[in-house]
>>> print(open('query.csv').read())   # CSV, C-alpha atoms and all ligand atoms
chain,number,residue,atom,x,y,z
A,1,MET,CA,-5.6,18.9,7.1
A,2,ALA,CA,-5.2,22.1,5.2
A,3,GLY,CA,-4.2,22.0,1.6
A,4,HIS,CA,-4.9,19.2,-0.8
A,5,ASN,CA,-3.7,15.7,-0.7
A,6,PHE,CA,-0.8,15.0,-3.2
A,7,LEU,CA,-1.9,11.9,-5.0
A,8,PHE,CA,1.1,10.3,-6.8
A,9,VAL,CA,0.3,6.7,-6.8
A,10,PRO,CA,0.2,5.6,-10.4
A,11,GLY,CA,-3.6,5.0,-10.1
A,12,PRO,CA,-6.1,6.2,-9.3
A,13,SER,CA,-4.6,9.4,-10.8
A,14,ASN,CA,-5.9,12.9,-10.2
A,15,VAL,CA,-9.4,13.5,-11.6
A,16,PRO,CA,-9.5,17.0,-13.2
A,17,ASN,CA,-12.2,19.3,-12.0
A,18,ARG,CA,-13.7,19.3,-15.4
A,19,ILE,CA,-14.3,15.6,-15.3
A,20,LEU,CA,-15.6,15.8,-11.7
A,21,ARG,CA,-18.1,18.3,-12.8
A,22,ALA,CA,-19.1,16.3,-15.9
A,23,MET,CA,-19.8,13.4,-13.6
A,24,ALA,CA,-22.1,15.3,-11.2
A,25,VAL,CA,-25.2,14.5,-13.2
A,26,PRO,CA,-28.7,13.4,-12.2
A,27,MET,CA,-29.6,9.8,-13.2
A,28,GLU,CA,-31.5,9.3,-16.4
A,29,ASP,CA,-33.1,6.6,-18.4
A,30,HIS,CA,-30.4,4.5,-20.0
A,31,ARG,CA,-33.0,3.2,-22.5
A,32,SER,CA,-34.2,6.6,-23.6
A,33,VAL,CA,-34.3,7.6,-27.3
A,34,LYS,CA,-31.5,10.1,-26.7
A,35,PHE,CA,-29.1,7.8,-24.8
A,36,PRO,CA,-27.4,6.4,-28.0
A,37,GLU,CA,-25.8,9.8,-28.7
A,38,LEU,CA,-23.7,9.4,-25.5
A,39,THR,CA,-22.8,5.8,-26.3
A,40,HIS,CA,-21.8,6.6,-29.9
A,41,GLU,CA,-19.6,9.6,-29.0
A,42,ILE,CA,-17.8,7.5,-26.4
A,43,LEU,CA,-17.2,4.5,-28.7
A,44,THR,CA,-16.0,6.8,-31.5
A,45,GLY,CA,-13.6,8.6,-29.1
A,46,LEU,CA,-12.3,5.3,-27.8
A,47,LYS,CA,-11.4,4.2,-31.4
A,48,ARG,CA,-9.2,7.3,-31.8
A,49,LEU,CA,-7.6,6.6,-28.4
A,50,PHE,CA,-6.8,3.0,-29.3
A,51,LYS,CA,-5.7,4.1,-32.7
A,52,THR,CA,-8.1,1.7,-34.5
A,53,THR,CA,-10.6,1.9,-37.3
A,54,GLU,CA,-11.3,-1.8,-37.3
A,55,ALA,CA,-11.5,-3.0,-33.7
A,56,HIS,CA,-14.4,-2.7,-31.2
A,57,PRO,CA,-13.9,-0.7,-28.0
A,58,ILE,CA,-15.9,-2.1,-25.1
A,59,VAL,CA,-16.5,-0.6,-21.6
A,60,PHE,CA,-17.3,-3.0,-18.8
A,61,PRO,CA,-18.5,-2.0,-15.3
A,62,SER,CA,-15.3,-3.5,-13.7
A,63,SER,CA,-11.8,-2.4,-13.2
A,64,GLY,CA,-9.0,-3.3,-15.6
A,65,THR,CA,-8.8,-6.8,-14.1
A,66,GLY,CA,-12.3,-7.6,-15.4
A,67,CYS,CA,-11.0,-7.0,-18.9
A,68,TRP,CA,-8.1,-9.5,-18.4
A,69,GLU,CA,-10.7,-12.1,-17.5
A,70,ALA,CA,-12.9,-11.1,-20.5
A,71,ALA,CA,-9.9,-11.5,-22.9
A,72,LEU,CA,-9.1,-15.0,-21.6
A,73,THR,CA,-12.7,-16.3,-21.3
A,74,ASN,CA,-14.0,-15.0,-24.6
A,75,CYS,CA,-11.2,-15.8,-27.0
A,76,LEU,CA,-9.9,-19.2,-25.7
A,77,ASN,CA,-11.1,-22.7,-25.0
A,78,SER,CA,-10.8,-24.2,-21.6
A,79,GLY,CA,-7.3,-25.4,-21.0
A,80,SER,CA,-5.7,-23.6,-24.0
A,81,ARG,CA,-2.0,-22.8,-23.9
A,82,ILE,CA,-1.1,-19.2,-23.3
A,83,LEU,CA,2.5,-17.7,-23.6
A,84,ALA,CA,3.2,-14.9,-21.2
A,85,SER,CA,6.1,-13.2,-19.4
A,86,ARG,CA,6.3,-12.3,-15.7
A,87,PHE,CA,8.5,-9.3,-14.6
A,88,GLY,CA,6.3,-7.4,-12.1
A,89,GLN,CA,3.2,-7.7,-10.0
A,90,PHE,CA,0.8,-6.9,-12.8
A,91,SER,CA,2.2,-9.3,-15.4
A,92,HIS,CA,2.3,-11.8,-12.5
A,93,LEU,CA,-1.4,-11.3,-11.7
A,94,TRP,CA,-2.5,-11.8,-15.3
A,95,CYS,CA,-0.5,-15.1,-15.3
A,96,ASP,CA,-2.0,-16.1,-12.0
A,97,MET,CA,-5.5,-15.4,-13.3
A,98,GLY,CA,-4.8,-17.6,-16.3
A,99,GLN,CA,-3.7,-20.4,-14.0
A,100,ARG,CA,-6.7,-20.0,-11.8
A,101,LEU,CA,-9.0,-20.1,-14.8
A,102,GLY,CA,-7.5,-23.4,-15.8
A,103,PHE,CA,-5.4,-22.3,-18.8
A,104,ASP,CA,-2.1,-23.9,-19.6
A,105,MET,CA,0.3,-21.1,-18.8
A,106,GLN,CA,3.7,-21.1,-20.4
A,107,ILE,CA,5.5,-18.3,-18.4
A,108,LEU,CA,8.8,-16.7,-19.4
A,109,GLU,CA,10.2,-15.8,-15.9
A,110,THR,CA,12.0,-12.5,-16.3
A,111,GLU,CA,13.9,-10.3,-13.9
A,112,TRP,CA,11.9,-7.6,-12.3
A,113,GLY,CA,13.2,-4.3,-13.9
A,114,GLU,CA,13.4,-5.8,-17.4
A,115,GLY,CA,10.8,-5.7,-20.1
A,116,ALA,CA,9.1,-8.4,-22.1
A,117,PRO,CA,11.9,-10.7,-23.4
A,118,VAL,CA,11.4,-10.4,-27.1
A,119,GLU,CA,14.1,-13.0,-28.0
A,120,ARG,CA,12.6,-15.6,-25.6
A,121,TYR,CA,9.1,-15.0,-27.0
A,122,HIS,CA,10.7,-15.7,-30.4
A,123,GLU,CA,12.3,-19.0,-29.1
A,124,ALA,CA,9.1,-20.2,-27.5
A,125,LEU,CA,6.9,-19.4,-30.5
A,126,ALA,CA,9.4,-20.9,-32.9
A,127,ALA,CA,9.5,-24.1,-30.9
A,128,ASP,CA,5.7,-24.3,-31.1
A,129,SER,CA,5.5,-25.8,-34.6
A,130,GLN,CA,2.1,-27.3,-33.8
A,131,HIS,CA,0.6,-23.9,-32.9
A,132,GLN,CA,-0.5,-25.1,-29.5
A,133,ILE,CA,-0.1,-21.5,-28.1
A,134,LYS,CA,-3.4,-19.8,-28.7
A,135,ALA,CA,-2.6,-16.4,-27.1
A,136,VAL,CA,0.4,-14.3,-26.3
A,137,LEU,CA,0.2,-12.0,-23.3
A,138,VAL,CA,2.3,-8.8,-23.0
A,139,CYS,CA,2.1,-6.2,-20.2
A,140,HIS,CA,2.8,-3.0,-22.1
A,141,ASN,CA,3.6,-0.9,-19.0
A,142,GLU,CA,4.5,-2.9,-15.9
A,143,THR,CA,3.4,-0.4,-13.2
A,144,ALA,CA,5.1,-2.2,-10.3
A,145,THR,CA,8.6,-1.7,-11.8
A,146,GLY,CA,8.1,1.3,-14.1
A,147,VAL,CA,9.0,-0.7,-17.2
A,148,THR,CA,7.6,-0.2,-20.7
A,149,SER,CA,7.9,-3.1,-23.2
A,150,ASP,CA,8.1,-3.2,-26.9
A,151,VAL,CA,4.8,-4.6,-28.1
A,152,ALA,CA,5.6,-3.9,-31.8
A,153,ALA,CA,8.7,-6.1,-31.5
A,154,ILE,CA,6.6,-9.0,-30.2
A,155,ARG,CA,4.1,-8.6,-33.0
A,156,ARG,CA,7.0,-8.6,-35.5
A,157,VAL,CA,8.3,-11.9,-34.0
A,158,MET,CA,4.8,-13.4,-34.4
A,159,ASN,CA,4.5,-12.3,-38.0
A,160,ASP,CA,8.0,-13.4,-38.9
A,161,LEU,CA,7.2,-16.8,-37.7
A,162,GLY,CA,3.7,-16.8,-39.1
A,163,HIS,CA,2.4,-17.8,-35.7
A,164,PRO,CA,-1.4,-17.4,-35.6
A,165,ALA,CA,-1.8,-16.9,-31.8
A,166,LEU,CA,-3.8,-13.9,-30.6
A,167,LEU,CA,-1.9,-11.0,-29.1
A,168,PHE,CA,-3.3,-9.7,-25.8
A,169,VAL,CA,-1.8,-6.5,-24.4
A,170,ASP,CA,-2.3,-5.0,-20.9
A,171,ALA,CA,-2.2,-1.2,-21.5
A,172,VAL,CA,-3.9,-0.3,-18.1
A,173,SER,CA,-1.2,2.2,-17.2
A,174,SER,CA,-0.2,3.2,-20.7
A,175,LEU,CA,-3.3,3.9,-22.6
A,176,GLY,CA,-3.7,7.7,-22.9
A,177,SER,CA,-0.2,8.4,-21.6
A,178,ILE,CA,2.2,6.3,-23.7
A,179,ASP,CA,1.8,5.6,-27.4
A,180,PHE,CA,-0.3,2.5,-28.0
A,181,ARG,CA,-1.3,1.4,-31.6
A,182,MET,CA,-4.1,-1.2,-31.8
A,183,ASP,CA,-4.2,-1.6,-35.6
A,184,GLU,CA,-0.6,-1.0,-36.5
A,185,TRP,CA,0.6,-3.5,-33.9
A,186,GLN,CA,-2.2,-5.9,-34.8
A,187,VAL,CA,-3.2,-6.3,-31.2
A,188,ASP,CA,-6.2,-8.6,-30.8
A,189,VAL,CA,-7.3,-7.6,-27.3
A,190,CYS,CA,-6.1,-4.5,-25.5
A,191,VAL,CA,-7.0,-4.3,-21.8
A,192,SER,CA,-7.2,-1.0,-19.9
A,193,GLY,CA,-9.1,0.8,-17.2
A,194,SER,CA,-10.4,4.2,-16.2
A,195,GLN,CA,-8.3,5.3,-13.3
A,196,LYS,CA,-4.9,5.9,-14.9
A,197,GLY,CA,-4.2,7.8,-18.1
A,198,LEU,CA,-7.9,8.4,-18.5
A,199,MET,CA,-8.1,10.5,-15.3
A,200,LEU,CA,-11.3,8.9,-14.1
A,201,PRO,CA,-12.2,7.1,-10.9
A,202,ALA,CA,-11.7,3.3,-10.9
A,203,GLY,CA,-14.7,1.3,-11.8
A,204,MET,CA,-14.7,1.0,-15.6
A,205,GLY,CA,-12.8,-1.6,-17.6
A,206,ILE,CA,-11.9,-0.3,-21.0
A,207,THR,CA,-10.9,-2.8,-23.6
A,208,CYS,CA,-10.7,-3.1,-27.4
A,209,VAL,CA,-11.2,-6.3,-29.4
A,210,SER,CA,-10.0,-7.0,-33.0
A,211,LYS,CA,-12.1,-8.6,-35.7
A,212,LYS,CA,-9.9,-11.7,-35.5
A,213,ALA,CA,-10.4,-12.0,-31.7
A,214,LEU,CA,-14.2,-11.7,-32.2
A,215,SER,CA,-14.4,-14.3,-34.8
A,216,THR,CA,-12.2,-16.6,-32.7
A,217,ALA,CA,-14.5,-15.9,-29.7
A,218,GLN,CA,-17.5,-17.1,-31.7
A,219,ALA,CA,-16.0,-20.6,-31.9
A,220,CYS,CA,-14.7,-20.7,-28.3
A,221,SER,CA,-16.3,-22.7,-25.6
A,222,HIS,CA,-14.9,-21.3,-22.4
A,223,PRO,CA,-17.9,-20.3,-20.2
A,224,ARG,CA,-18.6,-16.6,-19.9
A,225,CYS,CA,-21.7,-14.5,-19.4
A,226,TYR,CA,-21.4,-11.1,-17.8
A,227,PHE,CA,-18.2,-10.3,-19.8
A,228,ASP,CA,-19.4,-11.7,-23.1
A,229,TYR,CA,-18.1,-9.5,-25.9
A,230,GLN,CA,-20.9,-10.4,-28.4
A,231,ASP,CA,-23.7,-9.4,-26.0
A,232,MET,CA,-22.0,-6.0,-25.5
A,233,ILE,CA,-21.2,-5.4,-29.1
A,234,ARG,CA,-24.7,-6.3,-30.2
A,235,SER,CA,-26.3,-3.9,-27.7
A,236,ASN,CA,-23.7,-1.1,-28.3
A,237,ALA,CA,-24.4,-1.1,-32.0
A,238,THR,CA,-27.9,0.2,-31.2
A,239,GLY,CA,-26.5,2.7,-28.7
A,240,TYR,CA,-27.4,0.8,-25.5
A,241,PHE,CA,-25.8,-1.6,-23.0
A,242,PRO,CA,-26.9,-5.2,-22.1
A,243,TYR,CA,-27.2,-4.1,-18.5
A,244,THR,CA,-27.4,-0.9,-16.6
A,245,PRO,CA,-24.3,1.3,-17.3
A,246,SER,CA,-22.9,3.7,-14.7
A,247,ILE,CA,-24.1,7.0,-16.0
A,248,PRO,CA,-21.7,9.2,-14.1
A,249,MET,CA,-18.8,7.1,-15.4
A,250,LEU,CA,-20.0,7.4,-19.0
A,251,TYR,CA,-20.3,11.2,-18.7
A,252,GLY,CA,-16.9,11.3,-17.1
A,253,LEU,CA,-15.4,9.2,-19.9
A,254,ARG,CA,-17.0,11.4,-22.5
A,255,GLU,CA,-15.3,14.4,-20.9
A,256,SER,CA,-12.0,12.6,-20.6
A,257,LEU,CA,-12.1,11.7,-24.3
A,258,ARG,CA,-12.9,15.3,-25.2
A,259,MET,CA,-10.0,16.5,-23.1
A,260,LEU,CA,-7.6,14.0,-24.7
A,261,ASP,CA,-8.8,15.2,-28.1
A,262,GLU,CA,-8.3,18.8,-27.3
A,263,GLU,CA,-4.7,18.3,-26.2
A,264,GLY,CA,-4.1,15.8,-28.9
A,265,LEU,CA,-2.8,12.3,-28.3
A,266,GLU,CA,0.7,12.9,-29.6
A,267,ASN,CA,1.0,16.1,-27.5
A,268,ILE,CA,-0.1,14.0,-24.5
A,269,PHE,CA,2.6,11.4,-25.1
A,270,ALA,CA,5.2,14.2,-25.5
A,271,ARG,CA,4.0,15.8,-22.2
A,272,HIS,CA,4.3,12.5,-20.4
A,273,GLN,CA,7.8,11.9,-21.7
A,274,TYR,CA,8.9,15.4,-20.7
A,275,LEU,CA,7.4,15.1,-17.2
A,276,ALA,CA,9.0,11.7,-16.8
A,277,GLY,CA,12.3,13.1,-17.9
A,278,GLY,CA,12.2,15.6,-15.0
A,279,VAL,CA,11.4,12.9,-12.5
A,280,ARG,CA,14.2,10.6,-13.8
A,281,ALA,CA,16.6,13.6,-13.6
A,282,ALA,CA,15.6,14.1,-9.9
A,283,VAL,CA,16.2,10.4,-9.2
A,284,GLN,CA,19.4,9.8,-11.0
A,285,GLU,CA,21.2,13.1,-11.2
A,286,GLY,CA,19.8,14.7,-8.1
A,287,TRP,CA,19.4,11.9,-5.5
A,288,LYS,CA,21.9,9.6,-7.2
A,289,LEU,CA,19.5,6.7,-6.8
A,290,ALA,CA,18.6,4.0,-9.3
A,291,LEU,CA,15.4,3.2,-11.0
A,292,CYS,CA,14.0,-0.3,-10.8
A,293,ALA,CA,13.9,-0.3,-14.6
A,294,LYS,CA,17.3,-1.6,-15.6
A,295,GLU,CA,17.8,0.0,-19.0
A,296,PRO,CA,16.7,3.3,-20.6
A,297,GLN,CA,14.9,1.4,-23.4
A,298,TRP,CA,12.5,0.3,-20.7
A,299,TYR,CA,12.0,3.5,-18.7
A,300,SER,CA,8.3,4.2,-18.3
A,301,ASP,CA,6.9,7.6,-19.0
A,302,SER,CA,3.9,7.0,-16.7
A,303,VAL,CA,5.5,5.7,-13.5
A,304,SER,CA,9.0,5.5,-11.9
A,305,ALA,CA,9.9,3.0,-9.3
A,306,ILE,CA,12.8,4.3,-7.2
A,307,VAL,CA,15.2,1.9,-5.4
A,308,VAL,CA,16.2,3.1,-2.0
A,309,PRO,CA,19.7,2.1,-0.7
A,310,PRO,CA,19.6,-1.5,0.6
A,311,GLU,CA,20.0,-0.6,4.3
A,312,PHE,CA,16.8,1.5,4.2
A,313,ASN,CA,13.1,0.5,4.0
A,314,ALA,CA,11.1,2.2,1.3
A,315,ALA,CA,7.9,1.5,3.2
A,316,HIS,CA,9.1,4.0,5.9
A,317,VAL,CA,9.6,6.7,3.3
A,318,ILE,CA,6.1,6.1,1.9
A,319,GLU,CA,4.6,6.2,5.4
A,320,ARG,CA,6.5,9.3,6.4
A,321,ALA,CA,5.4,11.1,3.1
A,322,PHE,CA,1.8,10.1,3.7
A,323,ARG,CA,1.6,11.0,7.4
A,324,ARG,CA,3.8,14.1,7.6
A,325,TYR,CA,3.5,15.7,4.1
A,326,ASN,CA,0.1,14.5,2.9
A,327,LEU,CA,1.8,12.9,-0.1
A,328,ALA,CA,0.7,9.5,-1.4
A,329,LEU,CA,3.6,7.7,-3.1
A,330,GLY,CA,3.1,4.3,-4.7
A,331,THR,CA,4.2,1.4,-2.6
A,332,GLY,CA,6.6,-1.4,-3.5
A,333,LEU,CA,4.5,-4.5,-4.5
A,334,SER,CA,5.4,-8.1,-3.7
A,335,LYS,CA,9.0,-8.8,-4.6
A,336,VAL,CA,10.1,-5.2,-4.5
A,337,ALA,CA,8.2,-4.4,-1.2
A,338,GLY,CA,10.4,-2.3,1.0
A,339,LYS,CA,12.9,-1.8,-1.8
A,340,VAL,CA,11.2,0.8,-4.0
A,341,PHE,CA,8.7,3.6,-3.8
A,342,ARG,CA,6.9,4.8,-6.9
A,343,ILE,CA,6.0,8.2,-8.3
A,344,GLY,CA,3.1,8.0,-10.7
A,345,HIS,CA,3.5,10.7,-13.4
A,346,LEU,CA,0.5,10.1,-15.6
A,347,GLY,CA,-2.8,11.9,-16.3
A,348,ASP,CA,-3.6,15.5,-15.4
A,349,LEU,CA,-0.2,16.7,-14.3
A,350,ASN,CA,2.3,19.6,-14.9
A,351,GLU,CA,5.8,20.4,-13.7
A,352,LEU,CA,4.9,22.1,-10.4
A,353,MET,CA,2.5,19.4,-9.3
A,354,LEU,CA,5.4,16.9,-9.8
A,355,MET,CA,7.7,19.2,-7.9
A,356,GLY,CA,5.4,18.6,-4.9
A,357,ALA,CA,6.0,14.9,-5.2
A,358,ILE,CA,9.7,15.3,-5.7
A,359,ALA,CA,10.1,17.7,-2.9
A,360,GLY,CA,7.9,15.6,-0.6
A,361,ALA,CA,9.7,12.4,-1.4
A,362,GLU,CA,13.0,14.1,-0.8
A,363,MET,CA,11.9,15.4,2.6
A,364,ALA,CA,10.5,12.0,3.6
A,365,MET,CA,13.8,10.3,2.5
A,366,LEU,CA,15.8,12.8,4.6
A,367,ASP,CA,13.5,12.2,7.6
A,368,CYS,CA,14.4,8.5,7.2
A,369,ASN,CA,18.1,9.3,7.1
A,370,ILE,CA,18.6,8.4,3.5
A,371,PRO,CA,21.6,10.5,2.5
A,372,VAL,CA,20.3,12.5,-0.4
A,373,ILE,CA,21.4,16.1,-0.8
A,374,PRO,CA,18.7,18.4,0.3
A,375,GLY,CA,17.2,20.2,-2.7
A,376,SER,CA,19.1,18.0,-5.2
A,377,GLY,CA,16.0,16.3,-6.7
A,378,VAL,CA,14.2,19.6,-7.2
A,379,ALA,CA,17.3,21.2,-8.7
A,380,ALA,CA,17.8,18.4,-11.2
A,381,ALA,CA,14.1,18.3,-12.2
A,382,SER,CA,14.0,22.1,-12.6
A,383,ALA,CA,17.2,22.1,-14.7
A,384,TYR,CA,15.7,19.4,-16.9
A,385,TRP,CA,12.4,21.1,-17.4
A,386,ARG,CA,13.9,24.6,-17.9
A,387,HIS,CA,16.2,23.3,-20.6
A,388,HIS,CA,13.7,21.2,-22.6
A,389,SER,CA,11.1,22.7,-24.9
A,390,VAL,CA,7.6,22.9,-23.4
A,391,PRO,CA,5.1,20.4,-24.8
A,392,ALA,CA,2.0,21.9,-26.3
A,393,GLY,CA,-0.2,20.7,-23.4
A,394,LEU,CA,1.8,22.8,-20.9
A,395,GLU,CA,2.0,26.1,-22.9
A,396,SER,CA,0.8,28.9,-20.7
A,397,ARG,CA,-2.9,29.2,-20.2
A,398,LYS,CA,-4.7,31.4,-22.7
A,401,LIG,C1,-3.6,-0.9,-12.4
A,401,LIG,C2,-3.1,-2.0,-13.3
A,401,LIG,C3,-3.9,-3.2,-13.4
A,401,LIG,C4,-5.1,-3.5,-12.6
A,401,LIG,O1,-6.1,-2.8,-12.9
A,401,LIG,P1,-7.4,-2.6,-12.0
A,401,LIG,O2,-8.1,-1.5,-12.6
A,401,LIG,O3,-6.9,-2.3,-10.6
A,401,LIG,O4,-8.1,-3.9,-12.0
A,401,LIG,C5,-3.5,-4.1,-14.4
A,401,LIG,N1,-2.4,-3.9,-15.1
A,401,LIG,C6,-1.6,-2.9,-14.9
A,401,LIG,C7,-0.4,-2.7,-15.8
A,401,LIG,C8,-2.0,-1.9,-14.0
A,401,LIG,O5,-1.2,-0.8,-13.9
>>> encode(input="query.csv", output="structure tokens")
Amino acid sequence: MAGHNFLFVPGPSNVPNRILRAMAVPMEDHRSVKFPELTHEILTGLKRLFKTTEAHPIVFPSSGTGCWEAALTNCLNSGSRILASRFGQFSHLWCDMGQRLGFDMQILETEWGEGAPVERYHEALAADSQHQIKAVLVCHNETATGVTSDVAAIRRVMNDLGHPALLFVDAVSSLGSIDFRMDEWQVDVCVSGSQKGLMLPAGMGITCVSKKALSTAQACSHPRCYFDYQDMIRSNATGYFPYTPSIPMLYGLRESLRMLDEEGLENIFARHQYLAGGVRAAVQEGWKLALCAKEPQWYSDSVSAIVVPPEFNAAHVIERAFRRYNLALGTGLSKVAGKVFRIGHLGDLNELMLMGAIAGAEMAMLDCNIPVIPGSGVAAASAYWRHHSVPAGLESRK
């Protein structure tokens, strides 16, 4: 098919040509005397990305899910109690993993479309006077529903109560696109991956571990081997890895971190907010449709889940967009299957790329007889972007 595929699932995101080129490298000796230069540049860059001076960034040859498992198996004992909330497919899968690994999961069931229930975390932690809860899980950006949660508020609850549990945060679809602060929020383990805000292929789990989590890990007996933090940190300190790293992924990550530095993290967050604003204008003002996210406080700047009217099937829109217009929209997962389609707006994007997704989604909806006004989404997004000041990352090319 002529023209390029419009990839607007919220991950994998588009890989910029600059990163693709950086990854096209011959293989080399990962135990050479020169190799530590690459490792050190990456680890230093990751500290800036996580906003930490204290914690240890780690990359695993896995996807984000591997880092979930690493967090649970390194820092907890078998059967430990974990407090979590479930309000979408990704927060669900982390809870499910905890159960399958034999932890005692205390789950705050929350409506899909809402964010992490801060007050209910407070109640649950306040009731735990014996400090049985050893870890608190929060999904920063629930990619299934397009909901961002207030991690800082959960940390405040823990501090106000003096609760010593570790705080684990899933930032797979927020790191590098929505503000995340490892040190300020006293996050103990942040879990992320390569294929979303970092604009890389999938295949690398990217995580960051606090000093407190590491010292807890030393006294924890849950079996782990491949994902052992200490093995990795000991090896990384000398510039190497305990097993063979993926060399193209490391060069790609180095390039990604250089690009993030050049644009500046705060500029990147502002660009994502601005681009998301245009998408939300298309959905709400243009198409007169609802977002799955129930309140503006939860609107995600990296992905929007759009609810189709109840008499229509969102899967048909997604199929039509893919087959007819070469546009990949995100599918509705689990509970919201058939009810929503998603537009990922994270990573290497600008207004006109997003216009492709908005126009294509609109055409596909019209083809499925969903009564949106032709051109209304594009008009609303264009009005939004034309009337908002341009973020630094989108200023015209020099
Ligand atoms: C994509 C995603 C994951 C899963 O990551 P994989 O890299 O596919 O293992 C976990 N959590 C969230 C919030 C995600 O968006």
>>> closest_residue(input="query.csv", among="A:Gly286, A:Pro10, A:Pro57, A:Gly113", to="ligand LIG 401 (chain A)", atoms="all atoms listed in the file")
A:Pro10
>>> closest_atom_pairs(input="query.csv", of="chain A", to="ligand LIG 401 (chain A)", cutoff="10 Å", atoms="all atoms listed in the file", output="Markdown table")
| residue | atom | partner | partner_atom | distance |
| --- | --- | --- | --- | --- |
| A:Pro10 | CA | A:LIG401 | O5 | 7.4 |
| A:Gly11 | CA | A:LIG401 | C1 | 6.3 |
| A:Pro12 | CA | A:LIG401 | C1 | 8.1 |
| A:Ser62 | CA | A:LIG401 | O4 | 7.4 |
| A:Ser63 | CA | A:LIG401 | O2 | 3.9 |
| A:Gly64 | CA | A:LIG401 | O2 | 3.6 |
| A:Thr65 | CA | A:LIG401 | O4 | 3.6 |
| A:Gly66 | CA | A:LIG401 | O4 | 6.5 |
| A:Cys67 | CA | A:LIG401 | O4 | 8.1 |
| A:Trp68 | CA | A:LIG401 | C5 | 8.1 |
| A:Gly88 | CA | A:LIG401 | C7 | 9.0 |
| A:Gln89 | CA | A:LIG401 | C6 | 8.4 |
| A:Phe90 | CA | A:LIG401 | N1 | 5.0 |
| A:Ser91 | CA | A:LIG401 | N1 | 7.1 |
| A:His92 | CA | A:LIG401 | N1 | 9.6 |
| A:Leu93 | CA | A:LIG401 | C5 | 8.0 |
| A:Trp94 | CA | A:LIG401 | C5 | 7.8 |
| A:Val138 | CA | A:LIG401 | C7 | 9.8 |
| A:Cys139 | CA | A:LIG401 | C7 | 6.2 |
| A:His140 | CA | A:LIG401 | C7 | 7.1 |
| A:Asn141 | CA | A:LIG401 | C7 | 5.4 |
| A:Glu142 | CA | A:LIG401 | C7 | 4.9 |
| A:Thr143 | CA | A:LIG401 | O5 | 4.7 |
| A:Ala144 | CA | A:LIG401 | O5 | 7.4 |
| A:Thr145 | CA | A:LIG401 | C7 | 9.9 |
| A:Gly146 | CA | A:LIG401 | O5 | 9.5 |
| A:Val147 | CA | A:LIG401 | C7 | 9.7 |
| A:Thr148 | CA | A:LIG401 | C7 | 9.7 |
| A:Val169 | CA | A:LIG401 | C7 | 9.5 |
| A:Asp170 | CA | A:LIG401 | N1 | 5.9 |
| A:Ala171 | CA | A:LIG401 | C7 | 6.2 |
| A:Val172 | CA | A:LIG401 | C6 | 4.7 |
| A:Ser173 | CA | A:LIG401 | O5 | 4.5 |
| A:Ser174 | CA | A:LIG401 | C7 | 7.7 |
| A:Leu175 | CA | A:LIG401 | C7 | 9.9 |
| A:Val191 | CA | A:LIG401 | N1 | 8.1 |
| A:Ser192 | CA | A:LIG401 | O1 | 7.3 |
| A:Gly193 | CA | A:LIG401 | O2 | 5.2 |
| A:Ser194 | CA | A:LIG401 | O2 | 7.1 |
| A:Gln195 | CA | A:LIG401 | O2 | 6.8 |
| A:Lys196 | CA | A:LIG401 | C1 | 7.4 |
| A:Pro201 | CA | A:LIG401 | O2 | 9.7 |
| A:Ala202 | CA | A:LIG401 | O2 | 6.2 |
| A:Gly203 | CA | A:LIG401 | O2 | 7.2 |
| A:Met204 | CA | A:LIG401 | O2 | 7.7 |
| A:Gly205 | CA | A:LIG401 | O2 | 6.9 |
| A:Ile206 | CA | A:LIG401 | O2 | 9.3 |
| A:Ser302 | CA | A:LIG401 | O5 | 9.7 |
| A:Val303 | CA | A:LIG401 | O5 | 9.3 |
>>> closest_residue(input="query.csv", among="A:Leu257, A:Met105, A:Ile370, A:Ala305", to="Leu333 of chain A", atoms="only C-alpha atoms")
A:Ala305
>>> closest_residue(input="query.csv", among="A:Ser85, A:Ser149, A:Ser80, A:Gln273", to="His388 of chain A", atoms="only C-alpha atoms")
A:Gln273
>>> residues_near_point(input="query.csv", point="(0.6, 3.9, -8.0)", cutoff="7 Å", atoms="all atoms listed in the file", output="PyMOL selection string")
chain A and resi 8-11+329-331+342-344
>>> closest_residue(input="query.csv", among="A:Glu123, A:Asp104, A:Glu266, A:Asp348", to="Asn77 of chain A", atoms="only C-alpha atoms")
A:Asp104
>>> closest_atom_pairs(input="query.csv", of="segment 62-180 of chain A", to="segment 220-232 of chain A", cutoff="7 Å", atoms="all atoms listed in the file", output="CSV")
residue,atom,partner,partner_atom,distance
A:Ala70,CA,A:Phe227,CA,5.4
A:Thr73,CA,A:His222,CA,5.6
A:Asn74,CA,A:Asp228,CA,6.5
A:Cys75,CA,A:Cys220,CA,6.2
A:Leu76,CA,A:Cys220,CA,5.7
A:Asn77,CA,A:His222,CA,4.8
A:Ser78,CA,A:His222,CA,5.1
>>> closest_residue(input="query.csv", among="A:Ala219, A:Asp150, A:Ala135, A:Arg271", to="Tyr299 of chain A", atoms="all atoms listed in the file")
A:Asp150
>>> closest_residue(input="query.csv", among="A:Leu137, A:Ala276, A:Leu265, A:Val307", to="Ala392 of chain A", atoms="all atoms listed in the file")
A:Leu265
>>> atom_distance(input="query.csv", atom1="atom CA of Leu289 of chain A", atom2="atom CA of Ala321 of chain A")
17.8 Å
>>> residues_around(input="query.csv", residues="segment 1-7 of chain A", least_positions_apart="4", cutoff="6 Å", atoms="all atoms listed in the file", output="tab-separated table (two decimals) with C-alpha atoms, keeping the file's coordinate frame")
chain	number	residue	atom	x	y	z
A	326	ASN	CA	0.10	14.50	2.90
A	327	LEU	CA	1.80	12.90	-0.10
A	328	ALA	CA	0.70	9.50	-1.40
